[in-house]
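Data first, discussion second: the structure below is written as structure tokens.
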Amino acid sequence: MLEVPAILLTCVGIFGFINHRYLKLPLTVGLVLIALATALGVILIDVLLPDVGMRTGLKLWLEGIDFNRTLMHGILSFLLFAGALHVNLQDLMDSKLHISTLASLGVAISTIINGCGFYFLTGLFGFEVDFLICLVFGVIVSPTDPVAVLAMLKTIKVPPRLEATIAGESLFNDGVAVVLYSLLGTIAFGALSGGHGSDSVGVNEIVGFFVKEAAGGALLGLISGYLAFLLLRRMNDYIIEVIITLALVTGAYSLALYLHVSGPIAMVIAGVFIGNTGRRLAMSEKTRTHVTQFWHLIDEILNAALFVLIGFEVIVLSFEGNIVPLSIAVIIISLFARWSAVSFPMMSLAPVAEKDKGDIVILTWAGLRGGISVALALALPDIPEKDVILTATYAVVIFTILIQGITIESLIKRVRANESE
């Protein structure tokens with residue numbers, strides 16, 4: 001149990017030092033870049049010296065981690081709560097129309113465009129992939145990753161309303177995407193319907209599935225957050241109060257998994273409630289400081305370990321045949337899908353909700369993908385198309401983190417400068 005965190009934290013420490021001392025990139029971008037370069041170095045050594053077996057050893061180590069379970073059933077709960085803890089509720093409410101539309105309609109639009117585009121490209125490059133499986137890929141690369149997005153927002157200056165929209169969308173759309181992924185997986189693979197596939201899934205079941213997952217997760221987050229709030233309000237001991245927030249995260253997320261409701265949505269609702277009402281009405285100044293610093297450290301440490309792991313995941317990818325050119329073409333489709341998923345909802349809301357001229361461009365380029373997309377791709381059953389989907393997903397994730405993550409600040413400055421002229 002100690003080996004995996006020991007290796008990851010050692011890499012985080014070494015890579016973080018290299019980035020701080022020489023590269024001076026945003027931490028998450030620098031960690032992904034160095035981990036990716038290290039993994040590619042291992043692949044190169046394996047090509048030149050195949051008897052050494054470095055790639056095989058690292059691949060076996062990575063496959064033993066179970067990235068999907070580690071993220072989706074573990075550290076995601078901490079990262080979502082920590083991110084939501086710092087979201088201003090008033091700013092969130094001011095942007096509620098944009099956030100709710102982007103996190104629902106936007107995900108649906110992106111899923112359809114990515115899925116149809118992937119279906120066309122796989123046929124063009126000589127792969128036979130069922131259309132429903134292509135839609136599953138569409139939802140995998142659709143959600144903006146809250147971990148990557150919130151890490152980006154720490155390093156750049158964005159107007160409060162736009163920042164709330166970017167952060168709120170990333171916090172909620174991953175929960176919607178996970179629900180949609182489960183639903184499409186049910187239809188495509190029959191995983192939740194006794195193996196009968198799409199024939200056994202009707203409209204009522206689809207609606208019921210969404211209501212139970214999304215609404216159930218929101219209700220669980222609100223109830224668990226309120227119960228934690230009652231405990232926090234009746235004491236003044238920052239050590240116990242920090243432990244209560246830890247119990248809230250681990251307990252509520254575990255209960256969400258048991259009840260089959262959305263754990264990510266529950267964590268976001270609980271985090272926003274404790275971060276606003278809880279900190280204002282149930283905590284002393286000393287407790288607020290300790291709770292904030294504690295969750296900031298949890299966020300940074302787990303964030304760093306996750307992005308190092310993302311960089312290393314290139315080891316498990318397939319580069320056979322036309323997979324690489326297909327993956328590059330998929331990046332272009334994903335950019336168009338992201339633009340469409342932002343522009344249509346934003347333009348439809350223009351008569352009733354305020355937006356600035358450059359919001360669509362900024363929101364499009366700020367749509368970073370991350371560990372959630374990789375985890376969903378790895379969670380696919382062992383189907384023949386899995387290698388193609390995983391490599392294409394990884395290409396989209398790495399492009400958004402390294403290219404969009406590095407250039408988003410200069411894009412925002414340029415857009416804002418043009419608006420002020």
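Residue names in the structure tokens use chain letters A, B, ... in the order shown, residue numbers from 1 in each chain, and ligand numbers from 1 in the order shown.
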Contacts of range 313-326 of chain A within 9 Å, only C-alpha atoms, excl. fewer than 6 positions in-chain, as a PyMOL selection string: chain A and resi 36+39-40+42-43+55-56+58-60+62-63+118+121-122+124-127+374+387-388+390-392+394-395
At a cut-off of 9 Å, can you tabulate as a tab-separated table every residue of range 64-162 of chain A near range 401-408 of chain A together with its closest atom pair and the distance in Å to one decimal, using only C-alpha atoms and ordering rows by chain then number?
```
residue	atom	partner	partner_atom	distance
A:Ala148	CA	A:Ile401	CA	7.4
A:Val149	CA	A:Gly405	CA	8.7
A:Met152	CA	A:Gly405	CA	6.8
A:Ile156	CA	A:Ile408	CA	8.5
```
What does the file look like for those residues with C-alpha atoms, as a short mmCIF file (atom, residue, chain, number, x, y, z; two decimals), in the first residue's frame?
```cif
data_model
loop_
_atom_site.label_atom_id
_atom_site.label_comp_id
_atom_site.auth_asym_id
_atom_site.auth_seq_id
_atom_site.Cartn_x
_atom_site.Cartn_y
_atom_site.Cartn_z
CA ALA A 148 -7.25 20.68 -14.45
CA VAL A 149 -9.55 23.71 -14.77
CA MET A 152 -5.45 26.64 -14.22
CA ILE A 156 -4.47 33.37 -14.18
#
```
A:Pro351, A:Gly208, A:Gly216, A:Gly117 ranked by distance to Tyr258 in chain A, top pick (using only C-alpha atoms):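 Using only C-alpha atoms, the shortest distance to Tyr258 in chain A belongs to A:Gly216.
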Please build the interface table for range 287-400 of chain A against range 128-136 of chain A with a cut-off of 9 Å, listing for each qualifying residue the nearest atom pair and the distance in Å to one decimal; count only C-alpha atoms, order rows by chain and increasing number, and write it as CSV.
```
residue,atom,partner,partner_atom,distance
A:Pro384,CA,A:Val129,CA,8.9
A:Glu385,CA,A:Val129,CA,6.7
A:Ile389,CA,A:Cys134,CA,8.6
```
Let me see the file: selected residues, N, CA and C atoms, as a short mmCIF file (atom, residue, chain, number, x, y, z; two decimals), in the first residue's frame.
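Saved the output as out-v3.cif:
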```
data_model
loop_
_atom_site.label_atom_id
_atom_site.label_comp_id
_atom_site.auth_asym_id
_atom_site.auth_seq_id
_atom_site.Cartn_x
_atom_site.Cartn_y
_atom_site.Cartn_z
N PRO A 384 -12.44 -4.83 -28.39
CA PRO A 384 -11.38 -4.63 -29.38
C PRO A 384 -11.06 -3.15 -29.63
N GLU A 385 -12.05 -2.28 -29.44
CA GLU A 385 -11.86 -0.86 -29.74
C GLU A 385 -11.21 -0.08 -28.59
N ILE A 389 -9.73 3.92 -28.49
CA ILE A 389 -10.41 4.92 -27.67
C ILE A 389 -9.47 5.52 -26.63
#
```
Spatial neighbours of Thr155 in chain A, 10 Å, only C-alpha atoms, chain gap at least 5 places, as JSON, numbers by chain: {"A": [26, 27, 150, 409]}
CA of Gly263 in chain A to CA of Ser343 in chain A, distance in Å rounded to a single decimal: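 About the pair CA of Gly263 in chain A and CA of Ser343 in chain A: they are 28.8 Å apart.
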DSSP alpha helix (DSSP H) residues within range 186-321 of chain A, as a PyMOL selection string: chain A and resi 186-189+203-210+216-233+238-259+263-273+279-281+285-312
Would you write out, as a Markdown table, a table of all residues in range 298-365 of chain A that have an atom no more than 10 Å from an atom of range 158-165 of chain A, listing for each the closest atom pair and the distance in Å to one decimal, considering only C-alpha atoms and ordering rows by chain and rising residue number?
```
| residue | atom | partner | partner_atom | distance |
| --- | --- | --- | --- | --- |
| A:Glu354 | CA | A:Arg161 | CA | 9.7 |
| A:Lys355 | CA | A:Leu162 | CA | 8.6 |
| A:Asp356 | CA | A:Leu162 | CA | 9.0 |
| A:Asp359 | CA | A:Leu162 | CA | 7.4 |
| A:Ile362 | CA | A:Leu162 | CA | 9.0 |
| A:Leu363 | CA | A:Leu162 | CA | 8.4 |
```
Exercise: Ala304 in chain A partners within 7 Å, only C-alpha atoms, chain neighbours under 4 positions left out, as number ranges by chain: A: 12, 28, 300, 308
Of the listed residues A:Phe307, A:Asp382, A:Gly358, A:Lys157, that which approaches Gly16 in chain A most closely, counting only C-alpha atoms: A:Phe307
Shell of 9 Å around Val268 in chain A, only C-alpha atoms, local chain residues under 5 positions omitted, as an MDAnalysis selection string: chainID A and resid 77 80:85 171:172 218 221 263 273
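Remark: for Leu378 in chain A, the closest of the candidate residues A:Thr400, A:Thr186, A:Thr393, A:Ser284 is A:Thr393 (distances computed over only C-alpha atoms).
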A:Asp174, A:Asp91, A:Glu3, A:Glu285 ranked by distance to Met72 in chain A, top pick (using only C-alpha atoms):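 Using only C-alpha atoms, the shortest distance to Met72 in chain A belongs to A:Asp174.
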Atomic distance CA of Leu76 in chain A - CA of Val32 in chain A, expressed in Å with one decimal: 17.9 Å
